[in-house]
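Enquirer: data-v3.pdb (PDB, C-alpha atoms) pasted underneath:
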ATOM      1  CA  MET V 170       0.000   0.000   0.000
ATOM      2  CA  LEU V 171       1.049   3.606  -0.586
ATOM      3  CA  SER V 172       3.076   4.583   2.451
ATOM      4  CA  LEU V 173       2.829   7.848   4.325
ATOM      5  CA  SER V 174       6.444   8.761   3.635
ATOM      6  CA  LEU V 175       5.913   8.170  -0.075
ATOM      7  CA  TYR V 176       2.818  10.349   0.059
ATOM      8  CA  ARG V 177       4.812  13.094   1.776
ATOM      9  CA  HIS V 178       7.360  12.945  -1.024
ATOM     10  CA  ALA V 179       4.621  13.015  -3.647
ATOM     11  CA  LEU V 180       3.254  16.218  -2.113
ATOM     12  CA  ARG V 181       6.499  17.909  -3.091
ATOM     13  CA  LEU V 182       5.131  17.904  -6.619
ATOM     14  CA  TYR V 183       2.749  20.673  -5.552
ATOM     15  CA  PRO V 184       3.759  24.347  -5.646
ATOM     16  CA  GLY V 185       5.111  25.631  -2.327
ATOM     17  CA  PHE V 186       2.137  27.826  -1.443
ATOM     18  CA  HIS V 187      -0.259  24.906  -1.878
ATOM     19  CA  ARG V 188       1.863  22.692   0.381
ATOM     20  CA  GLU V 189       1.969  25.438   2.996
ATOM     21  CA  GLN V 190      -1.773  25.929   2.889
ATOM     22  CA  PHE V 191      -2.953  22.309   2.656
ATOM     23  CA  GLY V 192       0.082  20.046   3.097
ATOM     24  CA  GLU V 193      -0.451  19.138   6.743
ATOM     25  CA  GLU V 194      -4.185  18.693   6.254
ATOM     26  CA  MET V 195      -3.656  16.427   3.273
ATOM     27  CA  ILE V 196      -1.195  14.297   5.236
ATOM     28  CA  ALA V 197      -3.585  14.059   8.192
ATOM     29  CA  LEU V 198      -6.436  13.091   5.897
ATOM     30  CA  PHE V 199      -4.286  10.538   4.093
ATOM     31  CA  ARG V 200      -3.365   9.020   7.456
ATOM     32  CA  GLU V 201      -7.031   8.651   8.376
ATOM     33  CA  LEU V 202      -7.893   7.101   5.021
ATOM     34  CA  GLN V 203      -4.923   4.769   5.290
ATOM     35  CA  ALA V 204      -6.183   3.589   8.683
ATOM     36  CA  ASP V 205      -9.601   2.912   7.122
ATOM     37  CA  MET V 206      -8.021   0.934   4.314
ATOM     38  CA  ALA V 207      -6.021  -1.286   6.658
ATOM     39  CA  THR V 208      -9.178  -3.273   7.421
ATOM     40  CA  LYS V 209     -10.124  -3.717   3.777
ATOM     41  CA  GLY V 210      -9.056  -6.210   1.133
ATOM     42  CA  MET V 211      -6.166  -6.077  -1.289
ATOM     43  CA  PHE V 212      -8.357  -4.909  -4.162
ATOM     44  CA  ALA V 213      -9.708  -1.936  -2.208
ATOM     45  CA  GLN V 214      -6.177  -1.083  -1.055
ATOM     46  CA  GLY V 215      -4.931  -1.243  -4.636
ATOM     47  CA  LEU V 216      -7.719   1.047  -5.816
ATOM     48  CA  PHE V 217      -6.951   3.465  -2.999
ATOM     49  CA  CYS V 218      -3.288   3.500  -3.977
ATOM     50  CA  VAL V 219      -4.068   4.183  -7.642
ATOM     51  CA  ARG V 220      -6.654   6.846  -6.775
ATOM     52  CA  GLU V 221      -4.350   8.699  -4.417
ATOM     53  CA  THR V 222      -1.353   8.571  -6.744
ATOM     54  CA  ALA V 223      -3.389   9.782  -9.710
ATOM     55  CA  GLY V 224      -5.085  12.429  -7.556
ATOM     56  CA  VAL V 225      -1.829  13.875  -6.267
ATOM     57  CA  VAL V 226      -0.133  13.904  -9.675
ATOM     58  CA  ALA V 227      -3.158  15.412 -11.448
ATOM     59  CA  GLY V 228      -3.710  17.895  -8.617
ATOM     60  CA  ALA V 229      -0.076  19.015  -8.656
ATOM     61  CA  LEU V 230      -0.137  19.438 -12.425
ATOM     62  CA  ARG V 231      -3.335  21.445 -12.192
ATOM     63  CA  GLU V 232      -1.860  23.765  -9.553
ATOM     64  CA  HIS V 233       1.304  24.323 -11.621
ATOM     65  CA  TRP V 234      -0.735  25.069 -14.715
ATOM     66  CA  ARG V 235      -2.807  27.512 -12.700
ATOM     67  CA  VAL V 236       0.332  29.300 -11.545
ATOM     68  CA  TRP V 237       1.594  29.356 -15.106
ATOM     69  CA  GLY V 238      -1.448  30.646 -16.900
ATOM     70  CA  GLY V 239      -4.456  31.093 -14.667
ATOM     71  CA  GLU V 240      -7.428  28.890 -13.824
ATOM     72  CA  HIS V 241      -8.640  28.335 -17.363
ATOM     73  CA  VAL V 242      -5.378  27.077 -18.873
ATOM     74  CA  TRP V 243      -5.899  23.700 -17.252
ATOM     75  CA  LEU V 244      -9.210  23.344 -19.048
ATOM     76  CA  LEU V 245      -7.367  23.103 -22.374
ATOM     77  CA  PHE V 246      -5.974  19.762 -21.283
ATOM     78  CA  SER V 247      -8.982  18.428 -19.451
ATOM     79  CA  SER V 248     -10.467  15.259 -20.896
ATOM     80  CA  ARG V 249     -13.619  15.512 -18.796
ATOM     81  CA  ARG V 250     -14.816  18.963 -19.690
ATOM     82  CA  PHE V 251     -13.401  21.921 -21.463
ATOM     83  CA  THR V 252     -15.208  24.175 -19.063
ATOM     84  CA  MET V 253     -17.812  23.835 -16.359
ATOM     85  CA  ARG V 254     -20.438  24.870 -18.870
ATOM     86  CA  THR V 255     -22.616  22.452 -20.782
ATOM     87  CA  GLU V 256     -21.949  23.828 -24.224
ATOM     88  CA  PHE V 257     -18.241  23.073 -24.158
ATOM     89  CA  ARG V 258     -18.229  19.510 -22.832
ATOM     90  CA  PHE V 259     -15.882  17.056 -24.459
ATOM     91  CA  PRO V 260     -16.719  13.613 -23.069
ATOM     92  CA  LYS V 261     -14.184  10.821 -22.774
ATOM     93  CA  ALA V 262     -16.465   8.593 -24.819
ATOM     94  CA  THR V 263     -15.897  10.864 -27.826
ATOM     95  CA  ALA V 264     -12.138  10.572 -27.467
ATOM     96  CA  VAL V 265     -12.410   6.767 -27.214
ATOM     97  CA  LEU V 266     -14.694   6.622 -30.259
ATOM     98  CA  MET V 267     -12.312   8.837 -32.264
ATOM     99  CA  THR V 268      -9.416   6.555 -31.304
ATOM    100  CA  LEU V 269     -11.339   3.432 -32.335
ATOM    101  CA  ILE V 270     -12.335   4.928 -35.686
ATOM    102  CA  LEU V 271      -8.782   6.034 -36.360
ATOM    103  CA  ALA V 272      -7.377   2.642 -35.373
ATOM    104  CA  GLY V 273      -9.938   0.971 -37.669
ATOM    105  CA  VAL V 274      -8.909   3.126 -40.615
ATOM    106  CA  VAL V 275      -5.218   2.468 -40.055
ATOM    107  CA  LEU V 276      -5.829  -1.290 -39.720
ATOM    108  CA  ALA V 277      -7.884  -1.304 -42.914
ATOM    109  CA  ILE V 278      -5.044   0.390 -44.799
ATOM    110  CA  GLN V 279      -2.554  -2.119 -43.450
ATOM    111  CA  LYS V 280      -4.787  -5.044 -44.387
ATOM    112  CA  GLY V 281      -5.190  -3.612 -47.864
ATOM    113  CA  GLU V 282      -1.419  -3.456 -48.238
ATOM    114  CA  ALA V 283      -1.049  -7.057 -47.094
ATOM    115  CA  ILE V 284      -3.690  -8.313 -49.575
ATOM    116  CA  GLN V 285      -2.091  -6.437 -52.427
ATOM    117  CA  ALA V 286       1.309  -7.868 -51.598
ATOM    118  CA  SER V 287      -0.071 -11.444 -51.539
ATOM    119  CA  VAL V 288      -1.819 -11.206 -54.965
ATOM    120  CA  PRO V 289       0.603 -11.659 -57.879
ATOM    121  CA  ASP V 290       0.537  -9.026 -60.586
ATOM    122  CA  THR V 291      -0.863 -11.127 -63.500
ATOM    123  CA  ASN V 292      -2.028  -8.282 -65.697
ATOM    124  CA  PRO V 293       0.937  -6.229 -66.877
ATOM    125  CA  LEU V 294      -1.377  -3.697 -68.554
ATOM    126  CA  VAL V 295      -2.743  -2.588 -65.222
ATOM    127  CA  VAL V 296      -0.327  -0.383 -63.397
ATOM    128  CA  SER V 297       0.022  -1.478 -59.800
ATOM    129  CA  ILE V 298      -0.772   1.151 -57.230
ATOM    130  CA  HIS V 299       1.603   1.421 -54.325
ATOM    131  CA  PRO V 300      -0.167   2.854 -51.314
ATOM    132  CA  VAL V 301       1.624   5.221 -49.038
ATOM    133  CA  HIS V 302       3.418   3.168 -46.418
ATOM    134  CA  SER V 303       2.249   3.768 -42.902
ATOM    135  CA  THR V 304       2.794   2.023 -39.613
ATOM    136  CA  LEU V 305       0.070   1.581 -37.044
ATOM    137  CA  LEU V 306       1.491   3.359 -34.033
ATOM    138  CA  PRO V 307       2.778   6.563 -35.651
ATOM    139  CA  GLY V 308      -0.465   6.734 -37.619
ATOM    140  CA  VAL V 309      -2.586   6.571 -34.488
ATOM    141  CA  VAL V 310      -0.384   9.060 -32.652
ATOM    142  CA  ILE V 311      -0.336  11.549 -35.515
ATOM    143  CA  GLY V 312      -4.072  11.159 -36.052
ATOM    144  CA  LEU V 313      -4.868  11.664 -32.383
ATOM    145  CA  ALA V 314      -2.569  14.662 -32.178
ATOM    146  CA  SER V 315      -4.316  16.178 -35.195
ATOM    147  CA  PHE V 316      -7.764  15.580 -33.727
ATOM    148  CA  TYR V 317      -6.704  17.034 -30.408
ATOM    149  CA  ALA V 318      -5.071  20.053 -32.048
ATOM    150  CA  ALA V 319      -8.206  20.674 -34.118
ATOM    151  CA  GLY V 320     -10.317  20.364 -30.977
ATOM    152  CA  LEU V 321      -8.097  22.787 -29.095
ATOM    153  CA  ILE V 322      -8.256  25.360 -31.877
ATOM    154  CA  GLY V 323     -12.041  25.033 -32.030
ATOM    155  CA  TRP V 324     -12.312  25.306 -28.292
ATOM    156  CA  ALA V 325     -10.020  28.340 -28.205
ATOM    157  CA  ILE V 326     -12.227  30.105 -30.751
ATOM    158  CA  LEU V 327     -15.392  29.270 -28.785
ATOM    159  CA  PHE V 328     -13.731  30.293 -25.533
ATOM    160  CA  ALA V 329     -12.583  33.617 -26.999
ATOM    161  CA  LEU V 330     -16.072  34.280 -28.351
ATOM    162  CA  ARG V 331     -17.618  33.448 -24.995
ATOM    163  CA  ARG V 332     -15.191  35.692 -23.126
ATOM    164  CA  SER V 333     -16.001  38.513 -25.509
ATOM    165  CA  GLY V 334     -19.684  38.227 -24.537
ATOM    166  CA  VAL V 335     -20.972  37.491 -28.046
ATOM    167  CA  HIS V 336     -23.239  34.724 -26.721
ATOM    168  CA  ARG V 337     -25.150  37.287 -24.645
ATOM    169  CA  LEU V 338     -26.121  39.383 -27.647
ATOM    170  CA  ASP V 339     -29.226  37.219 -28.241
ATOM    171  CA  GLU V 340     -30.320  37.679 -24.641
ATOM    172  CA  THR V 341     -29.810  41.446 -24.899
ATOM    173  CA  SER V 342     -31.673  41.776 -28.150
ATOM    174  CA  ALA V 343     -34.556  39.620 -26.884
ATOM    175  CA  LYS V 344     -35.200  41.961 -23.954
TER     176      LYS V 344
ATOM    177  CA  MET X 112     -24.521  45.564   1.773
ATOM    178  CA  ALA X 113     -23.591  43.047  -0.881
ATOM    179  CA  LEU X 114     -19.949  42.129  -0.532
ATOM    180  CA  TYR X 115     -19.835  40.129  -3.728
ATOM    181  CA  ASP X 116     -20.996  40.538  -7.246
ATOM    182  CA  MET X 117     -24.215  38.530  -7.120
ATOM    183  CA  SER X 118     -25.452  39.500 -10.560
ATOM    184  CA  PRO X 119     -26.823  36.604 -12.623
ATOM    185  CA  GLU X 120     -23.994  37.022 -15.131
ATOM    186  CA  ALA X 121     -21.325  36.732 -12.445
ATOM    187  CA  THR X 122     -22.823  33.662 -10.811
ATOM    188  CA  MET X 123     -24.125  31.796 -13.848
ATOM    189  CA  ASP X 124     -20.606  31.735 -15.315
ATOM    190  CA  PHE X 125     -19.807  28.957 -12.831
ATOM    191  CA  LEU X 126     -22.820  26.816 -13.610
ATOM    192  CA  PRO X 127     -23.354  23.958 -14.114
ATOM    193  CA  LEU X 128     -21.035  22.651 -11.419
ATOM    194  CA  THR X 129     -19.092  19.448 -11.792
ATOM    195  CA  GLU X 130     -20.484  16.561  -9.759
ATOM    196  CA  PRO X 131     -17.628  16.473  -7.196
ATOM    197  CA  VAL X 132     -17.930  20.224  -6.573
ATOM    198  CA  LEU X 133     -21.701  19.986  -6.245
ATOM    199  CA  LEU X 134     -21.380  17.119  -3.770
ATOM    200  CA  ILE X 135     -18.755  18.977  -1.733
ATOM    201  CA  LEU X 136     -21.006  22.029  -1.517
ATOM    202  CA  LEU X 137     -24.002  19.875  -0.582
ATOM    203  CA  SER X 138     -21.907  18.229   2.087
ATOM    204  CA  LEU X 139     -21.065  21.613   3.575
ATOM    205  CA  ALA X 140     -24.635  22.908   3.219
ATOM    206  CA  GLY X 141     -25.836  20.936   6.238
ATOM    207  CA  GLN X 142     -22.977  21.647   8.607
ATOM    208  CA  PRO X 143     -19.305  22.658   8.626
ATOM    209  CA  ARG X 144     -16.985  19.704   8.033
ATOM    210  CA  HIS X 145     -13.297  18.835   7.870
ATOM    211  CA  GLY X 146     -11.642  16.981   4.992
ATOM    212  CA  TYR X 147     -12.266  13.421   6.151
ATOM    213  CA  SER X 148     -15.903  14.142   6.944
ATOM    214  CA  ILE X 149     -16.425  15.720   3.500
ATOM    215  CA  LEU X 150     -14.908  12.689   1.738
ATOM    216  CA  LYS X 151     -17.081  10.247   3.659
ATOM    217  CA  ASP X 152     -20.224  12.319   3.176
ATOM    218  CA  VAL X 153     -19.622  12.661  -0.572
ATOM    219  CA  GLU X 154     -19.110   8.905  -0.812
ATOM    220  CA  GLN X 155     -22.307   8.269   1.130
ATOM    221  CA  MET X 156     -24.390  10.792  -0.824
ATOM    222  CA  SER X 157     -23.313   9.293  -4.142
ATOM    223  CA  GLY X 158     -23.868   5.739  -2.962
ATOM    224  CA  GLY X 159     -20.150   4.959  -3.180
ATOM    225  CA  ARG X 160     -19.945   6.078  -6.817
ATOM    226  CA  VAL X 161     -17.892   9.228  -6.179
ATOM    227  CA  MET X 162     -14.769   8.582  -4.118
ATOM    228  CA  LEU X 163     -12.563  11.640  -4.105
ATOM    229  CA  SER X 164      -8.817  11.426  -3.674
ATOM    230  CA  THR X 165      -7.104  13.839  -1.312
ATOM    231  CA  GLY X 166      -5.596  15.630  -4.328
ATOM    232  CA  THR X 167      -8.977  16.123  -5.976
ATOM    233  CA  LEU X 168     -10.619  17.224  -2.738
ATOM    234  CA  TYR X 169      -8.024  19.848  -1.862
ATOM    235  CA  GLY X 170      -7.872  21.080  -5.462
ATOM    236  CA  ALA X 171     -11.625  21.705  -5.320
ATOM    237  CA  LEU X 172     -11.450  23.227  -1.841
ATOM    238  CA  ARG X 173      -8.664  25.561  -2.925
ATOM    239  CA  ARG X 174     -10.728  26.805  -5.877
ATOM    240  CA  LEU X 175     -13.836  27.225  -3.719
ATOM    241  CA  LEU X 176     -11.792  29.149  -1.144
ATOM    242  CA  ASP X 177     -10.355  31.378  -3.867
ATOM    243  CA  GLU X 178     -13.845  32.111  -5.159
ATOM    244  CA  GLU X 179     -15.019  32.689  -1.580
ATOM    245  CA  TRP X 180     -17.760  30.085  -1.847
ATOM    246  CA  ILE X 181     -16.430  28.453   1.322
ATOM    247  CA  GLU X 182     -14.288  29.575   4.239
ATOM    248  CA  ARG X 183     -11.858  27.815   6.515
ATOM    249  CA  PHE X 184     -11.833  27.953  10.281
ATOM    250  CA  GLU X 185     -10.304  26.041  13.156
ATOM    251  CA  GLU X 186     -12.627  23.566  14.821
ATOM    252  CA  GLN X 187     -13.144  24.536  18.453
ATOM    253  CA  GLU X 188     -14.549  21.167  19.531
ATOM    254  CA  SER X 189     -11.680  19.149  18.161
ATOM    255  CA  SER X 190      -8.758  18.610  20.511
ATOM    256  CA  ARG X 191      -6.419  18.528  17.541
ATOM    257  CA  GLY X 192      -7.533  21.938  16.293
ATOM    258  CA  ARG X 193      -8.387  20.620  12.861
ATOM    259  CA  GLN X 194      -9.229  22.939  10.002
ATOM    260  CA  ALA X 195     -12.855  22.803   8.963
ATOM    261  CA  TYR X 196     -14.798  24.335   6.103
ATOM    262  CA  ARG X 197     -18.203  25.974   5.857
ATOM    263  CA  LEU X 198     -20.273  27.620   3.147
ATOM    264  CA  THR X 199     -20.229  31.383   2.805
ATOM    265  CA  ALA X 200     -23.314  33.379   1.874
ATOM    266  CA  ARG X 201     -22.026  33.501  -1.668
ATOM    267  CA  GLY X 202     -21.485  29.746  -1.785
ATOM    268  CA  ARG X 203     -24.958  29.046  -0.441
ATOM    269  CA  ARG X 204     -26.519  31.434  -2.933
ATOM    270  CA  ASN X 205     -24.682  29.786  -5.852
ATOM    271  CA  LEU X 206     -25.601  26.333  -4.613
ATOM    272  CA  GLN X 207     -29.246  27.402  -4.523
ATOM    273  CA  LEU X 208     -28.921  28.709  -8.073
ATOM    274  CA  GLU X 209     -27.467  25.393  -9.232
ATOM    275  CA  VAL X 210     -30.163  23.369  -7.467
ATOM    276  CA  GLY X 211     -32.800  25.670  -8.986
ATOM    277  CA  ARG X 212     -31.287  25.138 -12.427
ATOM    278  CA  MET X 213     -31.375  21.382 -11.925
ATOM    279  CA  LYS X 214     -34.975  21.493 -10.688
ATOM    280  CA  GLN X 215     -35.993  23.413 -13.780
ATOM    281  CA  LEU X 216     -34.204  20.905 -15.977
ATOM    282  CA  THR X 217     -35.816  17.965 -14.184
ATOM    283  CA  ARG X 218     -39.261  19.538 -14.486
ATOM    284  CA  LEU X 219     -38.723  20.093 -18.201
ATOM    285  CA  ALA X 220     -37.407  16.545 -18.641
ATOM    286  CA  ASN X 221     -40.437  15.100 -16.844
ATOM    287  CA  LEU X 222     -42.775  17.132 -19.016
ATOM    288  CA  ARG X 223     -41.066  16.004 -22.207
ATOM    289  CA  ILE X 224     -41.015  12.380 -21.133
ATOM    290  CA  ALA X 225     -44.694  12.534 -20.137
ATOM    291  CA  VAL X 226     -45.626  14.031 -23.523
ATOM    292  CA  LYS X 227     -43.666  11.319 -25.318
ATOM    293  CA  GLU X 228     -45.322   8.518 -23.321
ATOM    294  CA  ALA X 229     -48.862   9.903 -23.760
TER     295      ALA X 229
END
Mind converting the file's structure to structure tokens?

Expert:
Amino acid sequence: MLSLSLYRHALRLYPGFHREQFGEEMIALFRELQADMATKGMFAQGLFCVRETAGVVAGALREHWRVWGGEHVWLLFSSRRFTMRTEFRFPKATAVLMTLILAGVVLAIQKGEAIQASVPDTNPLVVSIHPVHSTLLPGVVIGLASFYAAGLIGWAILFALRRSGVHRLDETSAK
Amino acid sequence: MALYDMSPEATMDFLPLTEPVLLILLSLAGQPRHGYSILKDVEQMSGGRVMLSTGTLYGALRRLLDEEWIERFEEQESSRGRQAYRLTARGRRNLQLEVGRMKQLTRLANLRIAVKEA
């Protein structure tokens, strides 16, 4: 199980002011939760360990991003929501679906290449087409990066429009 | 005198709340609590579905403190002098707004579902 000393070290990932403000409280709370977990099974202890580790790392990253560029910068990299508002949600399911579609396309291309390579070229009049060579992993990575970049650009435009107050023009004109 | 900007525009910018934040605020709506008590209450309210990590909890508490939706104080009853949290007037007002928004949505959803079934 995640030990208290390890947890203390992990808290060093947070910015100094956050550790000063909440460090002792977080350690005290972790100690209480650890005592609760001692009576539970291995699976529950494992889940606790994963949850705490992920929570501390994500929390520290969030605090550093906040220091770097304000509260909203973190939202650019959030997979749960772009903002706390309904109109800008970007659910995980969409990201998973996009990944599956992309993986399917890449696999189909690869399969097509394999079939073409296995069929002998019996008709010399037909010029054989050589598809662009691609490998699965770089294809998926590049595709995902492109999707994410496109999403970020779209979100940035929507965010800028929202900050400018354009979305309230309808409300104003309706009054 | 209003200490905070309570205009609809200022408050509605934060809505809708994420589920963990809503549950934390609901937990503090009944009584002031310290970290452990908030975690356990959130877990209980969500039927064990939402189990916050310490990192997530204190990230949310920090943001709520910054926005002055909650305030921190030292528990008098506790021998250890633990820090506890309670809702501010602003936090309570925003929580009411969020609950009102959800009520409206639920009412609309019920109406639509009833029309569809009829």

Enquirer: Measure the distance from atom CA of V:His233 to atom CA of V:Glu201 in Å and round it to one decimal.

Expert: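 Atom CA of V:Glu201 lies 26.7 Å from atom CA of V:His233.
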
Enquirer: Could you check which of X:Gln187, X:Asn221, X:Gln215, X:Ser157 is closest to X:Glu130, using all atoms listed in the file?

Expert: X:Ser157

Enquirer: For chain X against chain V, which residues fall within 12 Å using all atoms listed in the file, given as a PyMOL selection string?

Expert: chain X and resi 120+123-133+145-151+161-174+176-178+183+185+191-195+209

Enquirer: If I take atom CA of X:Ser138 and atom CA of V:Arg200, how far is one from the other in Å, to one decimal?

Expert: 21.4 Å

Enquirer: What does the distance between atom CA of V:Ile311 and atom CA of V:Met267 come to in Å, to one decimal place?

Expert: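 Value for the atom CA of V:Ile311-atom CA of V:Met267 distance: 12.7 Å.
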
Enquirer: Residues picked by the PyMOL selection byres ((chain X and resi 181) around 6) here, as a list in words?

Expert: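 For this structure, the PyMOL selection byres ((chain X and resi 181) around 6) captures Leu175, Leu176, Glu179, Trp180, Glu182, Arg197, Leu198 and Thr199 of chain X.
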